Amino acid sequence: MAVRERLVRRLDSCGAVLICADLEELRGILFPEPAAVEAPPTPAVTAVHAERVQLGSLVIEAGGHRVSWQGAPLSLTRLERRLLGCLAGPPSTVWTYQRLFQAVWGGAYLGDTSILHSAVKRLRVKLAVAEGELAVETVRGVGYRLVATDATRRN
């Protein structure tokens, strides 16, 4: 049984229980800022929907839901395509866990990164076809970024 689940069972008779990942999330719930509630998504999040992104021999076509490496299609799930579309944005951009959850899953980051780590692990396996030209790099405690060798240039 998870720690949160045991805590909720112990506090159940006390009334309503609100569990937050961190203090910042609690402040956001208790004291919402009007501008933050109605703000449009950041440009980095909407970059996922760019029509075509090319990074060296990697081509991501959002409209056709296709990803190819050197002209050969890569078999990626919808989630993996969205994740790769985010990471293939501006070069060396670090995507935080929060931004990735917002852009890929469309929901809030609740502190559990296991879903994200699993998706990145599967994406790394499928990107092995790039033979070291592309890699999903972990920025410890922050998030991920897609890195390319010097031989791979943005077109």
# chains A, B, ... in the order shown; residues from 1 in each chain; ligands from 1
$ residues_around --residues "Ala130 of chain A" --least-positions-apart "3" --cutoff "9 Å" --atoms "only C-alpha atoms" --output "ChimeraX atom specification"
/A:57-58,69-70,126-127,133-135
$ residues_around --residues "segment 107-124 of chain A" --least-positions-apart "2" --cutoff "7 Å" --atoms "only C-alpha atoms" --output "PyMOL selection string"
chain A and resi 21+80+98+101-102+105+126-128+136
$ residues_around --residues "Ile60 of chain A" --least-positions-apart "5" --cutoff "9 Å" --atoms "only C-alpha atoms" --output "VMD selection string"
chain A and resid 51 to 55 65 to 68 81 84 to 85 88
